[in-house]
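Structure file upload01.cif (mmCIF, C-alpha atoms) is printed below.
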data_run
#
loop_
_atom_site.label_atom_id
_atom_site.label_comp_id
_atom_site.auth_asym_id
_atom_site.auth_seq_id
_atom_site.Cartn_x
_atom_site.Cartn_y
_atom_site.Cartn_z
CA MET A 1 60.10 146.80 -117.67
CA SER A 2 63.78 146.05 -118.25
CA THR A 3 64.87 142.50 -118.97
CA GLN A 4 67.86 141.53 -116.82
CA ARG A 5 70.46 138.89 -117.61
CA GLU A 6 73.92 138.14 -116.26
CA ILE A 7 76.79 138.83 -118.65
CA SER A 8 80.51 139.46 -118.18
CA MET A 9 82.20 142.85 -118.39
CA ALA A 10 83.93 141.76 -121.60
CA GLU A 11 80.54 140.89 -123.12
CA ALA A 12 79.05 144.16 -121.89
CA LEU A 13 81.83 146.19 -123.51
CA ASN A 14 81.46 144.20 -126.73
CA GLU A 15 77.72 144.91 -126.75
CA ALA A 16 78.32 148.61 -126.19
CA MET A 17 80.65 148.88 -129.18
CA ARG A 18 78.45 146.68 -131.38
CA GLU A 19 75.30 148.66 -130.60
CA GLU A 20 77.00 152.01 -131.16
CA MET A 21 78.56 150.85 -134.44
CA ARG A 22 75.14 149.70 -135.63
CA ARG A 23 73.57 152.98 -134.55
CA ASP A 24 76.19 155.28 -136.06
CA THR A 25 78.24 154.44 -139.15
CA THR A 26 80.89 157.01 -138.17
CA VAL A 27 81.96 154.86 -135.19
CA ILE A 28 85.12 152.89 -135.97
CA LEU A 29 87.46 150.69 -133.91
CA MET A 30 91.21 150.53 -134.32
CA GLY A 31 94.15 149.09 -132.41
CA GLU A 32 96.51 146.16 -132.13
CA ASP A 33 94.74 142.79 -132.66
CA VAL A 34 91.22 144.23 -132.30
CA GLY A 35 90.06 142.71 -135.60
CA PHE A 36 91.10 139.22 -136.61
CA LEU A 37 92.00 138.18 -133.06
CA GLY A 38 89.00 139.95 -131.51
CA GLY A 39 91.16 141.71 -128.94
CA VAL A 40 93.65 140.16 -126.54
CA TYR A 41 90.79 139.37 -124.13
CA GLY A 42 88.08 138.87 -126.74
CA VAL A 43 86.39 142.20 -126.03
CA SER A 44 86.04 143.05 -129.74
CA LYS A 45 85.25 139.48 -130.82
CA GLY A 46 82.99 139.32 -133.89
CA LEU A 47 83.10 143.03 -134.73
CA LEU A 48 85.36 142.54 -137.75
CA ASP A 49 82.96 139.94 -139.18
CA GLU A 50 79.98 142.26 -138.81
CA PHE A 51 81.46 145.62 -139.75
CA GLY A 52 84.39 144.75 -142.01
CA PRO A 53 88.00 145.94 -142.18
CA GLU A 54 87.07 149.53 -143.08
CA ARG A 55 85.53 150.05 -139.64
CA VAL A 56 87.49 147.54 -137.54
CA ARG A 57 91.18 148.06 -138.24
CA ASP A 58 94.15 146.11 -136.96
CA THR A 59 97.07 148.50 -136.63
CA PRO A 60 100.86 148.16 -136.56
CA ILE A 61 102.58 148.19 -133.16
CA SER A 62 102.89 151.97 -133.19
CA GLU A 63 100.75 153.66 -130.56
CA ASP A 64 101.98 157.11 -131.54
CA GLY A 65 100.96 156.43 -135.13
CA PHE A 66 97.51 154.97 -134.68
CA VAL A 67 96.47 157.34 -131.87
CA GLY A 68 97.45 160.15 -134.22
CA ALA A 69 95.38 158.52 -136.96
CA GLY A 70 92.47 158.32 -134.53
CA ILE A 71 92.78 162.04 -133.74
CA GLY A 72 92.82 162.85 -137.45
CA ALA A 73 89.78 160.67 -138.03
CA ALA A 74 87.96 162.33 -135.13
CA ILE A 75 88.53 165.92 -136.26
CA THR A 76 87.38 165.06 -139.79
CA GLY A 77 84.02 163.58 -138.81
CA LEU A 78 84.44 160.05 -137.49
CA ASN A 79 83.93 158.77 -133.94
CA PRO A 80 86.89 156.46 -133.32
CA ILE A 81 87.41 153.98 -130.51
CA VAL A 82 91.14 153.37 -130.17
CA GLU A 83 92.35 150.44 -128.08
CA ILE A 84 95.74 150.67 -126.38
CA MET A 85 96.46 147.14 -125.20
CA TYR A 86 97.77 148.14 -121.74
CA PRO A 87 98.24 151.51 -119.97
CA ASP A 88 102.01 150.92 -120.02
CA PHE A 89 101.91 151.65 -123.76
CA LEU A 90 100.08 154.97 -123.37
CA PRO A 91 103.39 156.84 -122.87
CA CYS A 92 104.30 155.84 -126.44
CA ALA A 93 101.45 158.13 -127.57
CA MET A 94 101.68 160.73 -124.82
CA ASN A 95 102.37 163.64 -127.17
CA GLN A 96 99.34 162.74 -129.28
CA ILE A 97 97.08 162.35 -126.23
CA THR A 98 98.13 165.28 -124.06
CA ASN A 99 99.20 167.86 -126.65
CA HIS A 100 96.70 167.18 -129.42
CA MET A 101 93.73 165.02 -128.39
CA ALA A 102 93.23 166.89 -125.11
CA LYS A 103 93.92 170.41 -126.35
CA LEU A 104 92.73 170.83 -129.94
CA ARG A 105 89.20 171.82 -128.98
CA TYR A 106 90.47 174.50 -126.59
CA MET A 107 93.24 175.76 -128.87
CA THR A 108 90.86 176.16 -131.83
CA GLY A 109 88.13 177.87 -129.82
CA GLY A 110 85.81 174.94 -130.34
CA LYS A 111 86.18 174.86 -134.13
CA LEU A 112 87.66 171.37 -133.90
CA THR A 113 86.33 168.61 -131.69
CA VAL A 114 88.02 165.30 -130.96
CA PRO A 115 85.27 162.73 -130.24
CA LEU A 116 87.78 159.98 -129.53
CA THR A 117 87.55 157.23 -126.91
CA ILE A 118 90.76 155.47 -125.90
CA ARG A 119 90.18 152.10 -124.21
CA THR A 120 92.89 150.32 -122.28
CA ALA A 121 93.06 147.31 -119.94
CA ILE A 122 94.83 147.43 -116.57
CA ILE A 123 96.58 144.10 -115.82
CA GLN A 124 98.02 145.07 -112.45
CA GLY A 125 98.73 142.19 -110.08
CA ARG A 126 99.16 139.42 -112.63
CA GLY A 127 102.93 139.02 -112.42
CA SER A 128 103.50 140.60 -115.82
CA GLY A 129 106.44 142.73 -114.73
CA ALA A 130 106.89 146.39 -113.91
CA ASP A 131 106.52 147.55 -117.52
CA HIS A 132 103.16 145.79 -118.04
CA ALA A 133 101.43 146.45 -114.73
CA GLN A 134 100.94 150.19 -114.37
CA THR A 135 97.66 152.08 -114.20
CA LEU A 136 98.84 155.66 -114.93
CA ILE A 137 95.31 157.01 -114.41
CA PRO A 138 96.47 160.17 -112.51
CA TRP A 139 98.49 161.28 -115.55
CA PHE A 140 95.25 161.77 -117.46
CA VAL A 141 93.20 163.12 -114.55
CA GLN A 142 95.83 165.88 -114.43
CA THR A 143 95.50 166.66 -118.15
CA PRO A 144 92.85 169.31 -118.91
CA GLY A 145 90.62 168.37 -121.83
CA LEU A 146 90.26 164.66 -121.08
CA LYS A 147 87.40 162.81 -119.42
CA VAL A 148 88.46 159.78 -117.38
CA VAL A 149 86.21 156.73 -116.85
CA VAL A 150 86.87 153.81 -114.44
CA PRO A 151 84.02 151.23 -114.48
CA SER A 152 83.82 148.42 -111.92
CA THR A 153 80.80 146.36 -113.07
CA PRO A 154 79.42 145.05 -116.38
CA TYR A 155 76.41 147.36 -116.02
CA ASP A 156 78.56 150.44 -115.52
CA ALA A 157 81.03 149.42 -118.23
CA LYS A 158 78.35 149.16 -120.92
CA GLY A 159 76.47 152.31 -119.98
CA LEU A 160 79.59 154.41 -119.58
CA LEU A 161 81.21 153.20 -122.81
CA LYS A 162 78.08 154.05 -124.80
CA THR A 163 78.10 157.51 -123.24
CA ALA A 164 81.79 157.91 -124.07
CA ILE A 165 81.28 156.98 -127.71
CA ARG A 166 78.42 159.45 -128.10
CA ASP A 167 80.24 162.24 -126.28
CA LYS A 168 81.91 164.85 -128.44
CA ALA A 169 84.77 165.00 -125.95
CA SER A 170 88.03 163.07 -125.64
CA VAL A 171 87.67 160.16 -123.23
CA MET A 172 90.19 157.87 -121.51
CA PHE A 173 88.37 154.63 -120.64
CA PHE A 174 90.24 152.40 -118.16
CA GLU A 175 89.05 148.80 -117.98
CA THR A 176 90.41 146.19 -115.56
CA ALA A 177 91.34 142.81 -117.03
CA LYS A 178 90.62 141.12 -113.67
CA LEU A 179 86.96 142.11 -114.14
CA TYR A 180 86.50 140.98 -117.75
CA LEU A 181 85.09 137.57 -116.78
CA ILE A 182 83.09 138.80 -113.75
CA LYS A 183 79.38 138.64 -114.50
CA GLY A 184 76.64 141.00 -113.37
CA PRO A 185 73.12 142.12 -114.27
CA VAL A 186 72.85 144.14 -117.49
CA PRO A 187 69.49 145.13 -119.06
CA GLU A 188 68.79 144.04 -122.62
CA GLU A 189 67.20 147.44 -123.23
CA GLU A 190 69.42 150.38 -124.17
CA TYR A 191 70.64 152.65 -121.39
CA LEU A 192 73.30 155.29 -120.86
CA ILE A 193 75.09 156.30 -117.66
CA PRO A 194 75.85 160.04 -117.42
CA PHE A 195 79.38 161.08 -116.61
CA GLY A 196 79.90 162.71 -113.23
CA GLU A 197 77.39 160.59 -111.29
CA ALA A 198 78.91 158.36 -108.60
CA ASP A 199 77.12 155.18 -107.55
CA VAL A 200 76.57 154.28 -103.91
CA LYS A 201 77.24 150.54 -104.12
CA ARG A 202 76.42 150.01 -100.43
CA GLU A 203 74.73 152.38 -98.00
CA GLY A 204 76.08 152.84 -94.48
CA THR A 205 76.26 155.21 -91.53
CA ASP A 206 79.61 154.73 -89.76
CA LEU A 207 82.30 154.96 -92.43
CA THR A 208 82.66 156.02 -96.07
CA ILE A 209 84.88 154.03 -98.42
CA VAL A 210 85.52 155.47 -101.88
CA ALA A 211 87.09 152.94 -104.27
CA ILE A 212 87.71 152.65 -108.02
CA CYS A 213 87.98 149.91 -110.65
CA ASN A 214 88.45 146.35 -109.32
CA LEU A 215 88.95 147.70 -105.80
CA VAL A 216 85.23 148.42 -105.52
CA ARG A 217 84.76 144.66 -105.12
CA GLU A 218 87.50 144.53 -102.48
CA ALA A 219 85.86 147.46 -100.66
CA LEU A 220 82.48 145.72 -100.66
CA GLU A 221 84.02 142.57 -99.23
CA ALA A 222 85.81 144.65 -96.59
CA ALA A 223 82.52 146.36 -95.75
CA GLU A 224 80.83 143.01 -95.17
CA GLN A 225 83.66 141.87 -92.91
CA LEU A 226 83.63 145.13 -90.93
CA GLU A 227 79.88 144.81 -90.44
CA ASP A 228 79.98 141.15 -89.40
CA LYS A 229 83.04 141.22 -87.14
CA GLU A 230 83.27 144.80 -85.89
CA GLY A 231 79.70 146.10 -86.12
CA ILE A 232 80.85 148.95 -88.39
CA ASN A 233 78.23 150.00 -90.95
CA VAL A 234 80.09 151.00 -94.12
CA GLU A 235 79.02 153.05 -97.14
CA VAL A 236 80.87 152.21 -100.37
CA ILE A 237 80.99 154.75 -103.19
CA ASP A 238 82.19 154.11 -106.74
CA PRO A 239 82.88 157.43 -108.52
CA ARG A 240 82.64 155.67 -111.94
CA THR A 241 84.19 158.74 -113.58
CA LEU A 242 87.13 160.68 -112.19
CA VAL A 243 86.77 163.52 -114.69
CA PRO A 244 84.13 164.75 -114.12
CA LEU A 245 84.14 163.72 -110.46
CA ASP A 246 80.95 163.62 -108.41
CA LYS A 247 82.28 165.50 -105.40
CA GLU A 248 78.83 166.11 -103.96
CA THR A 249 78.01 162.43 -103.38
CA ILE A 250 81.36 161.83 -101.68
CA ILE A 251 81.16 164.92 -99.46
CA ASN A 252 77.56 164.26 -98.45
CA SER A 253 78.50 160.72 -97.47
CA VAL A 254 81.40 161.96 -95.32
CA LYS A 255 79.10 164.49 -93.66
CA LYS A 256 76.91 161.54 -92.68
CA THR A 257 79.58 159.04 -91.59
CA ASN A 258 82.34 161.44 -90.41
CA LYS A 259 85.07 159.01 -91.52
CA LEU A 260 86.73 158.30 -94.87
CA VAL A 261 88.95 155.63 -96.42
CA VAL A 262 89.95 156.10 -100.07
CA VAL A 263 91.06 153.02 -102.02
CA ASP A 264 93.11 153.49 -105.15
CA ASN A 265 94.92 151.07 -107.50
CA ASN A 266 97.30 153.87 -108.50
CA HIS A 267 100.51 154.65 -106.63
CA LEU A 268 100.17 156.43 -103.30
CA ALA A 269 101.97 159.67 -104.25
CA CYS A 270 99.81 162.18 -106.14
CA GLY A 271 97.23 159.51 -106.94
CA VAL A 272 93.44 159.50 -107.16
CA ALA A 273 93.23 158.78 -103.43
CA ALA A 274 95.32 161.87 -102.69
CA GLU A 275 93.04 164.06 -104.81
CA ILE A 276 89.81 162.78 -103.23
CA ALA A 277 91.32 163.12 -99.77
CA ALA A 278 92.32 166.72 -100.53
CA ILE A 279 88.83 167.57 -101.79
CA VAL A 280 87.20 166.21 -98.63
CA ALA A 281 89.76 167.95 -96.42
CA GLU A 282 88.94 171.26 -98.12
CA ASP A 283 85.16 170.92 -98.28
CA ALA A 284 84.20 168.73 -95.32
CA PHE A 285 87.03 169.02 -92.80
CA ASP A 286 84.76 170.02 -89.91
CA TYR A 287 82.74 166.83 -90.36
CA LEU A 288 85.70 164.47 -90.00
CA ASP A 289 86.18 162.61 -86.71
CA GLY A 290 89.62 161.34 -87.65
CA PRO A 291 92.29 161.38 -90.35
CA ILE A 292 91.51 160.40 -93.93
CA MET A 293 93.05 157.00 -94.61
CA ARG A 294 94.49 156.10 -98.02
CA VAL A 295 94.91 152.53 -99.24
CA ALA A 296 96.87 152.56 -102.49
CA THR A 297 99.63 150.84 -104.43
CA LEU A 298 103.00 151.26 -102.74
CA GLN A 299 105.52 153.58 -104.35
CA ILE A 300 107.64 150.88 -106.01
CA PRO A 301 107.67 149.23 -109.46
CA GLU A 302 105.49 146.14 -109.49
CA PRO A 303 107.42 142.91 -108.84
CA VAL A 304 106.77 139.56 -110.52
CA ALA A 305 106.73 137.33 -107.42
CA PRO A 306 103.15 136.82 -106.13
CA PRO A 307 104.05 137.28 -102.41
CA LEU A 308 105.69 140.63 -103.20
CA ILE A 309 102.74 141.70 -105.38
CA LYS A 310 100.40 140.98 -102.47
CA LEU A 311 102.49 143.20 -100.21
CA MET A 312 102.45 146.02 -102.76
CA LEU A 313 98.82 146.18 -103.91
CA PRO A 314 95.68 147.30 -102.07
CA ASN A 315 93.30 144.54 -101.02
CA LYS A 316 90.42 143.72 -98.69
CA ASP A 317 92.64 143.08 -95.67
CA LYS A 318 94.45 146.41 -96.03
CA ILE A 319 91.12 148.21 -96.33
CA VAL A 320 89.87 146.54 -93.14
CA THR A 321 93.07 147.47 -91.30
CA ALA A 322 92.81 151.12 -92.39
CA ALA A 323 89.14 151.29 -91.41
CA LYS A 324 89.72 149.83 -87.95
CA LYS A 325 92.31 152.53 -87.22
CA LEU A 326 89.51 155.08 -87.33
CA PHE A 327 87.52 153.39 -84.54
#

How does the structure come out when it is put into structure tokens?
Amino acid sequence: MSTQREISMAEALNEAMREEMRRDTTVILMGEDVGFLGGVYGVSKGLLDEFGPERVRDTPISEDGFVGAGIGAAITGLNPIVEIMYPDFLPCAMNQITNHMAKLRYMTGGKLTVPLTIRTAIIQGRGSGADHAQTLIPWFVQTPGLKVVVPSTPYDAKGLLKTAIRDKASVMFFETAKLYLIKGPVPEEEYLIPFGEADVKREGTDLTIVAICNLVREALEAAEQLEDKEGINVEVIDPRTLVPLDKETIINSVKKTNKLVVVDNNHLACGVAAEIAAIVAEDAFDYLDGPIMRVATLQIPEPVAPPLIKLMLPNKDKIVTAAKKLF
């Protein structure tokens, strides 16, 4: 019988790395401020003390350099976790990620593998400016050779990160800083969450909402409001991984509810919401009773002023408005 306790997402991620580093001496962590400081948000707190500077390495401010070092370490037998502080800094290492990390296994016919997990923290909506508030997730969904993970709860974060570290593939792991302090039940016993298995966070019969990252919480709150005030019974699905994507769970839900709202913290154009909408339109069009509604970040750079941020980003109220249009 599993022992449950409530811990934060930051604590769950820390546990995942600590347990995997204890289990496998080839697992290392590297990135800016991950050692002495314990990470900007404390996610790697205490790992330097336990595992030492050989396995927990603070790096210079050179994403291109230390992602390249992580790739080299991975193809020569280690299992690196590389932290990029924010997604906005991923473009600094884009050549390393998209031309080497994602493609070496394919281009060498499987002779080389790159068991590398890149962690990064989305800080969208905190007034940090347009160059510190991007998600960029679709860039990596569109890159063959990468797996893409988007946890929304402490339980999912721990189980998915442990799976990522053990996977022999290259994984992009997108955390949300807004969720770091949110607590949830996490077993003390070890567990893994397979990639490609969505989680139905709330069952319903009238409407399907698919949401990712922190917007799963917004979708659940919207579902409660729609039930209480409109009598609409909502099913909420969290894909958990976008590559691989559990299409079957989403399509089966739409076949049951006949309506779909997709909620995405990425920009509206060519985003995750657009891809999921296209999949449902192709595979379950005859089951739809109305248009597929997308609730996503508007197609503008993120402002600093809180009122403008609220206008730009998806939230519970926008989800409710989109859902009501279908009834």

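Here the PyMOL selection byres ((chain A and resi 96) around 10) captures the residues A:Glu63, A:Asp64, A:Gly65, A:Phe66, A:Val67, A:Gly68, A:Ala69, A:Gly70, A:Ile71, A:Leu90, A:Pro91, A:Cys92, A:Ala93, A:Met94, A:Asn95, A:Ile97, A:Thr98, A:Asn99, A:His100, A:Met101, A:Ala102, A:Lys103.
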
Run the PyMOL selection byres ((chain A and resi 160) around 12) on the file and write out the hits as a PyMOL selection string.
chain A and resi 9+12-13+16-17+117+119+147-159+161-167+171-175+190-198+239-241

Output the residue selection produced by the PyMOL selection byres ((chain A and resi 84) around 7) on the file above, formatted as a PyMOL selection string.
chain A and resi 31+82-83+85-87+89-90+118-120

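Among the candidate residues A:Arg22, A:Lys259, A:Lys178, A:Lys310, the one lying nearest to Pro291 in chain A is A:Lys259, with distances computed using all atoms listed in the file.
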
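The list of residues with at least one atom within 7 Å of range 125-132 of chain A, based on all atoms listed in the file and without residues fewer than 2 positions apart in the same chain, reads Tyr86, Asp88, Ile123, Gln134, Pro301, Glu302, Pro303, Val304, Ala305, Pro306 and Ile309 of chain A.
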
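Minimum atom-to-atom distances from A:Ile232, A:Leu220, A:Leu311, A:Val210 to Ile292 in chain A were compared using all atoms listed in the file, and the lowest value belongs to A:Val210.
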
Could you pull the residues within 12 Å of Leu47 in chain A, counting all atoms listed in the file, minus those fewer than 5 positions along the same chain, as number ranges by chain?
A: 13-22, 27-30, 33-39, 42, 52-58

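The gap separating CA of Val243 in chain A from CA of Pro144 in chain A is 9.4 Å, in Å to one decimal.
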
Shortest interatomic distance to Lys229 in chain A - which of A:Val280, A:Asp49, A:Ala273, A:Lys324, counting all atoms listed in the file
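Of A:Val280, A:Asp49, A:Ala273, A:Lys324, the one nearest Lys229 in chain A, counting all atoms listed in the file, is A:Lys324.
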
One decimal, Å: what's the distance from CA of Gly77 in chain A over to CA of Val141 in chain A, could you say?
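For CA of Gly77 in chain A relative to CA of Val141 in chain A, the distance reads 25.9 Å.
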
Quick check, in Å to one decimal: how far apart do CA of Leu207 in chain A and CA of Thr257 in chain A lie?
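It comes out at 5.0 Å.
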
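Each of A:Cys270, A:Leu146, A:Ile137, A:Ala73 was compared to Leu112 in chain A using all atoms listed in the file, and A:Ala73 turns out to be the nearest.
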